[in-house]
Each structure stands twice: as C-alpha cells, then as structure tokens.
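Enquirer: Please find one structure pasted underneath; my questions will follow.
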Amino acid sequence: MCRILFPVAVAAMLGAASVAAAKSTSGTVMDIDMDARTITLQNGETFALPAGFENPGIEPGAEVVVTREMKDGRHEASEVTITK
C-alpha cells in the first residue's frame, strides 16, 4: 500500500508546484517584437513569447494580462490576453 501512495503523493506535490510557479502580470504594452519573440510592458518588464505564438492583434497601448513563469533565468510568457 505504501508503494502505491508514495508515487501518488510525489506526483501531487510536483503538480501543485508547477501550478504555483505560474503567475500573472497585467499592464500596458509598450512594445511587441515578433522577430525577437518578446513583449515589453510600460513598467519595463519584458517577457519571452512561446514558440509558435501568434499575435492576436496586440499593439502598443493595449492592456494585457501576461501569464508567466521563470525559465532559464528569464520571464517566459505562456499566455498573453488582451483585456481592453
């Protein structure tokens, strides 16, 4: 019984850790550079966009929410949503 519960408990902890790592930031877009795959907010934060990201019409001045996490020492966006 213990052999079954231990892997389940470890998997649950790892799943919770990955969910807890994702955070969101809201702000106004200062720049979006599809060649460099980055989006920069007016507060100066820059986020790497994921491979295959297709811009849904985000332009400077747009209000967005960026769902992000730290990967390899930089902020990587997993999702960018226009709020206005």
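Identifiers in the structure tokens: chain A, B, ... in order shown; residue index from 1 per chain; ligand index from 1 in order shown.
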Applying 12 Å and only C-alpha atoms, which residues near A:Gln42 remain after dropping the ones on its own chain fewer than 4 positions away? List them as a PyMOL selection string.
Expert: chain A and resi 25-32+46+60-64
Enquirer: Excluding A:Arg74 and any residue of its chain fewer than 5 positions from it, enumerate the residues within 10 Å of it, using only C-alpha atoms, and give them as a list of chain:residue names.
Expert: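 My list of contacting residues is A:Thr46, A:Phe47, A:Ala48, A:Arg68, A:Glu69.
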Enquirer: At what distance in Å, to one decimal, does atom CA of A:Lys71 lie from atom CA of A:Glu59?
Expert: 25.0 Å
Enquirer: Could you state the separation of atom CA of A:Thr81 and atom CA of A:Pro56 in Å, given to one decimal place?
Expert: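 Value for the atom CA of A:Thr81-atom CA of A:Pro56 distance: 8.7 Å.
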Enquirer: Considering only C-alpha atoms, state which residue in the set A:Val80, A:Gly57, A:His75, A:Asp33 is at the smallest distance from A:Glu45.
Expert: A:His75
Enquirer: What does the structure give for the distance between atom CA of A:Ser78 and atom CA of A:Phe53, in Å to one decimal?
Expert: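 So the two atoms, atom CA of A:Ser78 and atom CA of A:Phe53, lie 9.1 Å apart.
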